[in-house]
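Enquirer: First the structure, which I've put down as structure tokens, then a few questions once you've had a look.
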Amino acid sequence: MRSRESEMTHGLSADVLKCPYCGEMLPSHRDLRVHVGSMHRDKVDDFMETFYGGRQIEVDFVTFMLQRAISDLTEELCERCMKCSGVCPISLVVEGFTPRQIVTDVQSGKVRDLLRSDVIWICTSCLACKDACPHEISPYDVVTILRNLSARIGYHFPEGYKVRDRALRRSGLVQEPRMVQAKTGERLDRAALGLPEATLPSDLSRFAEALKKLSDMRVII
Amino acid sequence: MKYALFPGCTVQTEQYGLELSARAVLPRLGLELADLEGASCCGLPYFSAASPIGWKYLSARNLALAERLGLDILPLCNSCHLSFCEVRRDLDESDDLRSLINEVLKIEGLEYGAGPGVVHLLEALHDRVGVEEIAENVVRPLEDLKLAAHPGCHAFRPRGIERPDDAENPRKFDELIRALGAEPSDYPEKTDCCGAYASASEEGAALSIAGSKLKSMMDRGFDGLVTLCPQCFKTFDGRQHDIQRATGDSTINIPVFYYTQLLGLAMGIQTDSLGLFLNMSPVEQLLARVNGG
């Protein structure tokens with residue numbers, strides 16, 4: 001169970017860096033590209049299209065990830081006991097939202113609708129459903145994958161997330177240090193409070209380069 | 001005992017009360033703190049929504065920084081702690097992931113080897129300093145106060161990975177409150193979520209969840225709420241007015257504290273050094289009771 005979950009969430013498996021043409025194992029994605037470029041020169045375009053190409057790869061990736069994510073969500077396994085929905089704090093306040101409904105929608109193939117909807121972004125990540133499920137289905141992990149796929153293919157990524165994403169790439173933190181207001185009305189920053197400067201990546205351009213490299217990386221499954 | 005302090009985004013950009021009180025209190029209990037130069041966001045839960053591999057990179061780079069200092073990392077946030085524990089497990093379990101991450105870490109001149117220990121503030125206080133030692137440091141007991149412990153979800157969930165407290169019956173926080181001379185009390189909503197992470201997409205739902213928790217604490221006669229999680233504190237303390245508005249219930253009015261603030265108070269440390277003037281909830285009456293009795 002754990003290894004499946006682990007694969008689901010970071011999108012890697014044991015053969016992640018295997019050359020698709022000769023099966024040689026490569027230590028990094030860059031090495032893989034160099035390898036294909038030198039050993040399988042005639043297949044370069046094919047390779048780039050398949051593994052590093054445009055939107056089609058994302059659609060394939062989505063399909064593959066979902067198949068993997070929902071392969072265990074069979075009728076037999078989910079007994080619809082509603083334990084996940086019973087412990088979900090959002091279910092109490094948002095009408096029509098239950099973790100089980102998301103699982104059921106995935107099971108019945110309504111994935112495209114889910115990816116386009118706000119529903120998958122409401123979860124508070126409290127993990128109560130993950131702990132409550134007697135079959136370890138974890139609606140939380142299903143939601144996490146759906147969010148990831150929705151963001152990757154550009155269907156939906158809420159503004160609150162976008163703002164933090166931009167700040168992180170720019171400064172290393174999801175928001176920059178703010179002035180805060182004391183009860184007296186006085187506005188204070190870290191220095192005024194006697195706190196040291198916030199810790200940030202020492203070389204922000206290298207930090208941004210590393211993040212860009214990872215975001216551009218289409219992890220091969 | 002020396003630790004690499006990792007305040008995390010929320011604490012070091014706005015939740016200064018936790019950072020001030022932690023820096024004031026922890027060294028006096030033998031928990032020495034080193035700043036983690038070069039640290040960044042841990043990646044959870046925002047960056048992880050867009051890029052799981054990016055999330056793992058962010059946590060790994062902070063772990064690598066602490067490893068370079070040769071110190072255990074001490075995050076001041078429940079979610080940062082969970083993030084570090086999950087990523088450390090994933091790096092331990094997958095050579096592929098580790099080599100991929102290390103390949104990118106080179107850009108920043110970093111390397112993840114065995115990884116540092118990850119210590120939660122709850123563990124540092126309860127398991128390493130110890131409840132007896134804390135009680136011995138109390139010079140001004142917080143007597144006759146009934147306080148609600150709010151550990152926060154990620155301090156005890158999920159079950160599949162080691163967490164600072166027990167998922168069924170989290171007790172450590174209550175024991176730490178009792179060590180200050182105050183009276184903790186079990187209440188059925190103790191392990192309920194504060195709703196904070198819904199606010200990035202569904203503001204009203206987040207405030208409504210927080211409101212019903214605060215209401216139940218007041219109904220049960222608690223004098224105040226104590227937490228260690230900056231997300232929970234930010235919701236319960238900083239947004240109490242918003243909660244009143246969203247729920248239409250102006251009677252929701254309860255003091256909220258960081259545990260380290262109350263610990264400092266009980267140890268006789270000045271309230272200003274503990275950042276108590278930054279708490280937005282109505283803490284004054286309770287402080288007056290403790291200070292002057």
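Each chain in the structure tokens gets a letter, A, B and so on, in the order shown; residues start at 1 in every chain, and ligands are counted from 1 in the order they appear.
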Which residues are near Leu36 (chain B)? Cut-off 12 Å, only C-alpha atoms, ignore same chain within fewer than 5 positions. Put them as a list in words.
Expert: Pro196, Glu197, Ala198, Thr199, Leu200, Pro201 and Ser202 of chain A; Tyr3, Ala4, Leu5, Phe6, Pro7, Gly8, Arg61, Asn62, Leu63, Ala64, Leu65, Ala66, Glu67, Arg68, Leu69, Gly70, Leu71, Asp72, Ile73, Leu74 and Pro75 of chain B
Enquirer: Can you write out the residues you just picked, keeping N, CA and C atoms, as a PDB file, in the first residue's frame?
Expert:
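Below you can see part_19.pdb, which holds the result:
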ATOM      1  N   PRO A 196      15.606  38.591  14.045  1.00  0.00           N
ATOM      2  CA  PRO A 196      16.598  38.646  12.962  1.00  0.00           C
ATOM      3  C   PRO A 196      15.891  38.640  11.613  1.00  0.00           C
ATOM      4  N   GLU A 197      16.627  38.971  10.570  1.00  0.00           N
ATOM      5  CA  GLU A 197      16.029  38.943   9.232  1.00  0.00           C
ATOM      6  C   GLU A 197      15.510  37.550   8.910  1.00  0.00           C
ATOM      7  N   ALA A 198      14.434  37.498   8.114  1.00  0.00           N
ATOM      8  CA  ALA A 198      13.878  36.201   7.716  1.00  0.00           C
ATOM      9  C   ALA A 198      14.928  35.418   6.925  1.00  0.00           C
ATOM     10  N   THR A 199      14.914  34.092   7.097  1.00  0.00           N
ATOM     11  CA  THR A 199      15.857  33.276   6.327  1.00  0.00           C
ATOM     12  C   THR A 199      15.298  33.067   4.925  1.00  0.00           C
ATOM     13  N   LEU A 200      16.144  33.247   3.943  1.00  0.00           N
ATOM     14  CA  LEU A 200      15.750  33.095   2.539  1.00  0.00           C
ATOM     15  C   LEU A 200      16.870  32.367   1.809  1.00  0.00           C
ATOM     16  N   PRO A 201      16.568  31.745   0.669  1.00  0.00           N
ATOM     17  CA  PRO A 201      17.641  31.122  -0.115  1.00  0.00           C
ATOM     18  C   PRO A 201      18.740  32.143  -0.387  1.00  0.00           C
ATOM     19  N   SER A 202      20.001  31.750  -0.174  1.00  0.00           N
ATOM     20  CA  SER A 202      21.085  32.720  -0.266  1.00  0.00           C
ATOM     21  C   SER A 202      21.297  33.209  -1.701  1.00  0.00           C
TER      22      SER A 202
ATOM     23  N   TYR B   3      19.377  22.900  18.101  1.00  0.00           N
ATOM     24  CA  TYR B   3      18.530  22.607  16.938  1.00  0.00           C
ATOM     25  C   TYR B   3      18.659  23.689  15.880  1.00  0.00           C
ATOM     26  N   ALA B   4      18.441  23.267  14.614  1.00  0.00           N
ATOM     27  CA  ALA B   4      18.314  24.235  13.531  1.00  0.00           C
ATOM     28  C   ALA B   4      16.860  24.706  13.524  1.00  0.00           C
ATOM     29  N   LEU B   5      16.658  25.970  13.866  1.00  0.00           N
ATOM     30  CA  LEU B   5      15.296  26.507  13.959  1.00  0.00           C
ATOM     31  C   LEU B   5      14.735  26.749  12.558  1.00  0.00           C
ATOM     32  N   PHE B   6      13.544  26.199  12.309  1.00  0.00           N
ATOM     33  CA  PHE B   6      12.880  26.407  11.026  1.00  0.00           C
ATOM     34  C   PHE B   6      11.504  27.023  11.291  1.00  0.00           C
ATOM     35  N   PRO B   7      11.408  28.365  11.276  1.00  0.00           N
ATOM     36  CA  PRO B   7      10.108  28.978  11.589  1.00  0.00           C
ATOM     37  C   PRO B   7       9.047  28.663  10.539  1.00  0.00           C
ATOM     38  N   GLY B   8       9.430  28.580   9.265  1.00  0.00           N
ATOM     39  CA  GLY B   8       8.431  28.353   8.208  1.00  0.00           C
ATOM     40  C   GLY B   8       7.833  29.659   7.737  1.00  0.00           C
ATOM     41  N   ARG B  61      15.672  20.426   0.366  1.00  0.00           N
ATOM     42  CA  ARG B  61      16.733  21.434   0.440  1.00  0.00           C
ATOM     43  C   ARG B  61      16.864  21.987   1.871  1.00  0.00           C
ATOM     44  N   ASN B  62      15.733  22.109   2.573  1.00  0.00           N
ATOM     45  CA  ASN B  62      15.807  22.562   3.964  1.00  0.00           C
ATOM     46  C   ASN B  62      16.437  21.498   4.864  1.00  0.00           C
ATOM     47  N   LEU B  63      16.086  20.237   4.593  1.00  0.00           N
ATOM     48  CA  LEU B  63      16.696  19.143   5.358  1.00  0.00           C
ATOM     49  C   LEU B  63      18.197  19.110   5.091  1.00  0.00           C
ATOM     50  N   ALA B  64      18.584  19.328   3.828  1.00  0.00           N
ATOM     51  CA  ALA B  64      20.006  19.309   3.477  1.00  0.00           C
ATOM     52  C   ALA B  64      20.761  20.442   4.178  1.00  0.00           C
ATOM     53  N   LEU B  65      20.113  21.599   4.322  1.00  0.00           N
ATOM     54  CA  LEU B  65      20.744  22.723   5.023  1.00  0.00           C
ATOM     55  C   LEU B  65      20.999  22.372   6.494  1.00  0.00           C
ATOM     56  N   ALA B  66      20.014  21.730   7.124  1.00  0.00           N
ATOM     57  CA  ALA B  66      20.173  21.342   8.539  1.00  0.00           C
ATOM     58  C   ALA B  66      21.241  20.259   8.662  1.00  0.00           C
ATOM     59  N   GLU B  67      21.244  19.343   7.702  1.00  0.00           N
ATOM     60  CA  GLU B  67      22.232  18.270   7.719  1.00  0.00           C
ATOM     61  C   GLU B  67      23.648  18.849   7.630  1.00  0.00           C
ATOM     62  N   ARG B  68      23.784  19.887   6.819  1.00  0.00           N
ATOM     63  CA  ARG B  68      25.094  20.522   6.675  1.00  0.00           C
ATOM     64  C   ARG B  68      25.557  21.133   7.991  1.00  0.00           C
ATOM     65  N   LEU B  69      24.610  21.619   8.792  1.00  0.00           N
ATOM     66  CA  LEU B  69      24.956  22.165  10.110  1.00  0.00           C
ATOM     67  C   LEU B  69      25.181  21.053  11.139  1.00  0.00           C
ATOM     68  N   GLY B  70      24.793  19.842  10.778  1.00  0.00           N
ATOM     69  CA  GLY B  70      24.931  18.725  11.709  1.00  0.00           C
ATOM     70  C   GLY B  70      23.913  18.780  12.841  1.00  0.00           C
ATOM     71  N   LEU B  71      22.761  19.428  12.599  1.00  0.00           N
ATOM     72  CA  LEU B  71      21.763  19.586  13.660  1.00  0.00           C
ATOM     73  C   LEU B  71      20.416  19.006  13.249  1.00  0.00           C
ATOM     74  N   ASP B  72      19.631  18.563  14.241  1.00  0.00           N
ATOM     75  CA  ASP B  72      18.236  18.208  13.987  1.00  0.00           C
ATOM     76  C   ASP B  72      17.483  19.484  13.635  1.00  0.00           C
ATOM     77  N   ILE B  73      16.471  19.336  12.784  1.00  0.00           N
ATOM     78  CA  ILE B  73      15.691  20.510  12.395  1.00  0.00           C
ATOM     79  C   ILE B  73      14.442  20.614  13.279  1.00  0.00           C
ATOM     80  N   LEU B  74      14.147  21.837  13.742  1.00  0.00           N
ATOM     81  CA  LEU B  74      13.011  22.080  14.645  1.00  0.00           C
ATOM     82  C   LEU B  74      12.039  23.052  13.962  1.00  0.00           C
ATOM     83  N   PRO B  75      11.036  22.528  13.229  1.00  0.00           N
ATOM     84  CA  PRO B  75      10.068  23.423  12.597  1.00  0.00           C
ATOM     85  C   PRO B  75       9.077  23.947  13.627  1.00  0.00           C
TER      86      PRO B  75
END
Enquirer: Fewer than 3 positions away in the same chain doesn't count, so skip those; otherwise give me all residues within 7 Å of Ile209 (chain B), counting only C-alpha atoms, as a VMD selection string.
Expert: (chain A and resid 89) or (chain B and resid 194 to 195 205 to 206 212 to 213)
Enquirer: What would the file look like if the residues just selected were written as a short mmCIF file (atom, residue, chain, number, x, y, z; two decimals), in the first residue's frame with N, CA and C atoms?
Expert:
data_model
loop_
_atom_site.label_atom_id
_atom_site.label_comp_id
_atom_site.auth_asym_id
_atom_site.auth_seq_id
_atom_site.Cartn_x
_atom_site.Cartn_y
_atom_site.Cartn_z
N PRO A 89 -14.61 17.82 8.00
CA PRO A 89 -15.14 19.10 8.48
C PRO A 89 -15.86 19.89 7.39
N CYS B 194 -9.17 23.20 12.27
CA CYS B 194 -9.48 24.63 12.37
C CYS B 194 -10.02 25.18 11.06
N GLY B 195 -9.83 24.44 9.98
CA GLY B 195 -10.37 24.88 8.68
C GLY B 195 -9.44 25.76 7.87
N ALA B 205 -16.37 28.68 4.18
CA ALA B 205 -16.34 27.35 4.79
C ALA B 205 -15.29 27.31 5.90
N ALA B 206 -14.13 27.92 5.62
CA ALA B 206 -13.04 27.92 6.60
C ALA B 206 -13.47 28.62 7.89
N SER B 212 -17.45 27.11 14.64
CA SER B 212 -18.16 26.10 15.43
C SER B 212 -17.23 25.50 16.49
N LYS B 213 -15.94 25.45 16.19
CA LYS B 213 -15.00 24.94 17.21
C LYS B 213 -14.88 25.93 18.37
#
Enquirer: Looking at B:Lys106, B:Arg220, B:His126, B:His81, which one is nearest to chain A, with distances taken over only C-alpha atoms?
Expert: B:Lys106
Enquirer: Using only C-alpha atoms, select each residue of chain A with any atom at most 6 Å away from an atom of chain B, and give the selection as a list of chain:residue names.
Expert: A:His10, A:Ile122, A:Thr124, A:Cys126, A:Arg147, A:Asn148, A:Ala151, A:Gly160, A:Tyr161, A:Gly172, A:Leu173, A:Glu176, A:Pro177, A:Arg178, A:Ala182, A:Lys183, A:Thr199, A:Leu200, A:Pro201, A:Ser202, A:Arg206, A:Ala210, A:Leu214
Enquirer: Could you save those same residues with N, CA and C atoms as a CSV table (one decimal), in the first residue's frame?
Expert:
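As written to disk, result_0.csv reads:
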chain,number,residue,atom,x,y,z
A,10,HIS,N,4.5,11.1,-5.8
A,10,HIS,CA,5.7,11.8,-6.4
A,10,HIS,C,5.9,11.4,-7.9
A,122,ILE,N,-11.5,22.5,-2.1
A,122,ILE,CA,-12.1,22.9,-0.8
A,122,ILE,C,-11.4,22.1,0.4
A,124,THR,N,-9.5,20.7,3.4
A,124,THR,CA,-8.6,21.4,4.3
A,124,THR,C,-7.3,20.6,4.6
A,126,CYS,N,-7.0,18.0,6.4
A,126,CYS,CA,-6.9,17.6,7.8
A,126,CYS,C,-6.6,16.2,8.0
A,147,ARG,N,-6.0,17.4,-7.8
A,147,ARG,CA,-5.5,18.8,-7.8
A,147,ARG,C,-4.3,19.0,-8.6
A,148,ASN,N,-3.4,18.0,-8.4
A,148,ASN,CA,-2.1,18.1,-9.2
A,148,ASN,C,-2.3,18.0,-10.7
A,151,ALA,N,-4.0,21.2,-12.0
A,151,ALA,CA,-3.0,22.3,-12.1
A,151,ALA,C,-2.1,22.1,-13.3
A,160,GLY,N,-5.7,31.9,-4.8
A,160,GLY,CA,-4.9,31.8,-3.6
A,160,GLY,C,-3.7,31.0,-3.7
A,161,TYR,N,-3.7,30.0,-4.6
A,161,TYR,CA,-2.6,29.1,-4.8
A,161,TYR,C,-1.6,29.8,-5.8
A,172,GLY,N,11.3,32.7,-2.2
A,172,GLY,CA,11.6,31.5,-1.4
A,172,GLY,C,10.6,31.2,-0.4
A,173,LEU,N,9.7,32.2,-0.1
A,173,LEU,CA,8.6,32.0,0.8
A,173,LEU,C,7.2,32.2,0.2
A,176,GLU,N,5.9,37.4,1.6
A,176,GLU,CA,7.0,38.1,2.1
A,176,GLU,C,6.7,38.6,3.5
A,177,PRO,N,7.8,38.8,4.3
A,177,PRO,CA,7.5,39.3,5.7
A,177,PRO,C,6.7,40.5,5.7
A,178,ARG,N,5.7,40.5,6.6
A,178,ARG,CA,4.7,41.6,6.7
A,178,ARG,C,4.9,42.5,7.9
A,182,ALA,N,0.0,45.7,16.3
A,182,ALA,CA,-0.2,45.4,17.7
A,182,ALA,C,-1.5,45.8,18.1
A,183,LYS,N,-2.0,45.3,19.3
A,183,LYS,CA,-3.3,45.7,19.8
A,183,LYS,C,-3.4,47.2,19.9
A,199,THR,N,14.9,34.1,7.1
A,199,THR,CA,15.9,33.3,6.3
A,199,THR,C,15.3,33.1,4.9
A,200,LEU,N,16.1,33.2,3.9
A,200,LEU,CA,15.7,33.1,2.5
A,200,LEU,C,16.9,32.4,1.8
A,201,PRO,N,16.6,31.7,0.7
A,201,PRO,CA,17.6,31.1,-0.1
A,201,PRO,C,18.7,32.1,-0.4
A,202,SER,N,20.0,31.7,-0.2
A,202,SER,CA,21.1,32.7,-0.3
A,202,SER,C,21.3,33.2,-1.7
A,206,ARG,N,19.7,31.0,-8.4
A,206,ARG,CA,19.9,29.5,-8.4
A,206,ARG,C,18.7,28.8,-7.9
A,210,ALA,N,16.6,26.1,-10.0
A,210,ALA,CA,16.3,24.7,-9.5
A,210,ALA,C,14.8,24.4,-9.6
A,214,LEU,N,12.7,21.7,-12.1
A,214,LEU,CA,11.7,20.7,-11.6
A,214,LEU,C,10.4,20.8,-12.2
Enquirer: Output as a ChimeraX atom specification all residues of region 138-236 of chain B that backbone DSSP marks as strand (DSSP E).
Expert: /B:146-150,183-184,224-227
Enquirer: Could the residues in this selection be written to a file with all heavy atoms, as a PDB file, in the first residue's frame?
Expert:
ATOM      1  N   LYS B 146      -8.908  27.159  33.075  1.00  0.00           N
ATOM      2  CA  LYS B 146      -9.300  25.962  32.337  1.00  0.00           C
ATOM      3  C   LYS B 146      -9.000  26.209  30.853  1.00  0.00           C
ATOM      4  O   LYS B 146      -9.610  27.081  30.228  1.00  0.00           O
ATOM      5  CB  LYS B 146     -10.799  25.706  32.560  1.00  0.00           C
ATOM      6  CG  LYS B 146     -11.292  24.394  31.978  1.00  0.00           C
ATOM      7  CD  LYS B 146     -12.770  24.195  32.302  1.00  0.00           C
ATOM      8  CE  LYS B 146     -13.399  23.178  31.360  1.00  0.00           C
ATOM      9  NZ  LYS B 146     -14.842  23.146  31.425  1.00  0.00           N
ATOM     10  N   LEU B 147      -8.008  25.496  30.354  1.00  0.00           N
ATOM     11  CA  LEU B 147      -7.531  25.770  29.005  1.00  0.00           C
ATOM     12  C   LEU B 147      -7.792  24.595  28.056  1.00  0.00           C
ATOM     13  O   LEU B 147      -7.579  23.439  28.408  1.00  0.00           O
ATOM     14  CB  LEU B 147      -6.034  26.077  29.031  1.00  0.00           C
ATOM     15  CG  LEU B 147      -5.624  27.311  29.850  1.00  0.00           C
ATOM     16  CD1 LEU B 147      -4.103  27.434  29.926  1.00  0.00           C
ATOM     17  CD2 LEU B 147      -6.241  28.587  29.267  1.00  0.00           C
ATOM     18  N   ALA B 148      -8.229  24.946  26.845  1.00  0.00           N
ATOM     19  CA  ALA B 148      -8.488  23.925  25.827  1.00  0.00           C
ATOM     20  C   ALA B 148      -7.242  23.723  24.974  1.00  0.00           C
ATOM     21  O   ALA B 148      -6.752  24.665  24.362  1.00  0.00           O
ATOM     22  CB  ALA B 148      -9.658  24.362  24.952  1.00  0.00           C
ATOM     23  N   ALA B 149      -6.727  22.505  24.969  1.00  0.00           N
ATOM     24  CA  ALA B 149      -5.582  22.182  24.114  1.00  0.00           C
ATOM     25  C   ALA B 149      -6.091  21.949  22.698  1.00  0.00           C
ATOM     26  O   ALA B 149      -7.030  21.198  22.484  1.00  0.00           O
ATOM     27  CB  ALA B 149      -4.888  20.928  24.627  1.00  0.00           C
ATOM     28  N   HIS B 150      -5.453  22.631  21.747  1.00  0.00           N
ATOM     29  CA  HIS B 150      -5.773  22.385  20.331  1.00  0.00           C
ATOM     30  C   HIS B 150      -4.466  22.001  19.637  1.00  0.00           C
ATOM     31  O   HIS B 150      -3.716  22.872  19.207  1.00  0.00           O
ATOM     32  CB  HIS B 150      -6.389  23.643  19.696  1.00  0.00           C
ATOM     33  CG  HIS B 150      -6.578  23.503  18.209  1.00  0.00           C
ATOM     34  ND1 HIS B 150      -7.666  22.872  17.644  1.00  0.00           N
ATOM     35  CD2 HIS B 150      -5.805  23.880  17.164  1.00  0.00           C
ATOM     36  CE1 HIS B 150      -7.545  22.887  16.319  1.00  0.00           C
ATOM     37  NE2 HIS B 150      -6.419  23.487  16.005  1.00  0.00           N
ATOM     38  N   GLU B 183      -5.471  23.999  34.193  1.00  0.00           N
ATOM     39  CA  GLU B 183      -6.281  22.784  34.115  1.00  0.00           C
ATOM     40  C   GLU B 183      -6.700  22.509  32.672  1.00  0.00           C
ATOM     41  O   GLU B 183      -7.511  23.236  32.115  1.00  0.00           O
ATOM     42  CB  GLU B 183      -7.514  22.945  35.015  1.00  0.00           C
ATOM     43  CG  GLU B 183      -8.362  21.699  35.153  1.00  0.00           C
ATOM     44  CD  GLU B 183      -7.564  20.468  35.582  1.00  0.00           C
ATOM     45  OE1 GLU B 183      -6.742  20.571  36.521  1.00  0.00           O
ATOM     46  OE2 GLU B 183      -7.754  19.415  34.957  1.00  0.00           O
ATOM     47  N   PRO B 184      -6.116  21.483  32.051  1.00  0.00           N
ATOM     48  CA  PRO B 184      -6.602  21.117  30.717  1.00  0.00           C
ATOM     49  C   PRO B 184      -7.844  20.267  30.909  1.00  0.00           C
ATOM     50  O   PRO B 184      -8.105  19.762  31.993  1.00  0.00           O
ATOM     51  CB  PRO B 184      -5.474  20.268  30.150  1.00  0.00           C
ATOM     52  CG  PRO B 184      -4.857  19.613  31.347  1.00  0.00           C
ATOM     53  CD  PRO B 184      -5.070  20.542  32.526  1.00  0.00           C
ATOM     54  N   GLY B 224      -9.661  29.778  27.762  1.00  0.00           N
ATOM     55  CA  GLY B 224      -8.839  30.117  26.609  1.00  0.00           C
ATOM     56  C   GLY B 224      -8.452  28.885  25.824  1.00  0.00           C
ATOM     57  O   GLY B 224      -8.654  27.754  26.268  1.00  0.00           O
ATOM     58  N   LEU B 225      -7.909  29.140  24.644  1.00  0.00           N
ATOM     59  CA  LEU B 225      -7.482  28.071  23.740  1.00  0.00           C
ATOM     60  C   LEU B 225      -5.969  28.169  23.590  1.00  0.00           C
ATOM     61  O   LEU B 225      -5.430  29.264  23.470  1.00  0.00           O
ATOM     62  CB  LEU B 225      -8.174  28.283  22.395  1.00  0.00           C
ATOM     63  CG  LEU B 225      -7.952  27.351  21.208  1.00  0.00           C
ATOM     64  CD1 LEU B 225      -9.071  27.606  20.189  1.00  0.00           C
ATOM     65  CD2 LEU B 225      -6.631  27.562  20.512  1.00  0.00           C
ATOM     66  N   VAL B 226      -5.307  27.025  23.612  1.00  0.00           N
ATOM     67  CA  VAL B 226      -3.853  27.007  23.479  1.00  0.00           C
ATOM     68  C   VAL B 226      -3.465  26.116  22.314  1.00  0.00           C
ATOM     69  O   VAL B 226      -3.950  24.985  22.190  1.00  0.00           O
ATOM     70  CB  VAL B 226      -3.176  26.452  24.759  1.00  0.00           C
ATOM     71  CG1 VAL B 226      -1.676  26.705  24.713  1.00  0.00           C
ATOM     72  CG2 VAL B 226      -3.776  27.076  25.988  1.00  0.00           C
ATOM     73  N   THR B 227      -2.574  26.623  21.461  1.00  0.00           N
ATOM     74  CA  THR B 227      -2.108  25.823  20.339  1.00  0.00           C
ATOM     75  C   THR B 227      -0.626  26.061  20.115  1.00  0.00           C
ATOM     76  O   THR B 227      -0.021  26.941  20.740  1.00  0.00           O
ATOM     77  CB  THR B 227      -2.917  26.133  19.059  1.00  0.00           C
ATOM     78  OG1 THR B 227      -2.575  25.189  18.042  1.00  0.00           O
ATOM     79  CG2 THR B 227      -2.640  27.534  18.549  1.00  0.00           C
TER      80      THR B 227
END
Enquirer: Mind checking DSSP for region 58-183 of chain A and telling me the alpha helix (DSSP H) residues as a PyMOL selection string?
Expert: chain A and resi 58-70+83-87+89-93+99-107+111-116+128-132+139-152+159-171
Enquirer: Calculated over only C-alpha atoms, which of the candidates B:Glu111, B:Gly221, B:Gly264, B:Glu189 has the smallest distance to Pro27 (chain B)?
Expert: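 Closest residue, counting only C-alpha atoms: B:Gly264.
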Enquirer: Distance CA of Glu79 (chain A)-CA of Pro134 (chain A), one decimal place?
Expert: 9.2 Å
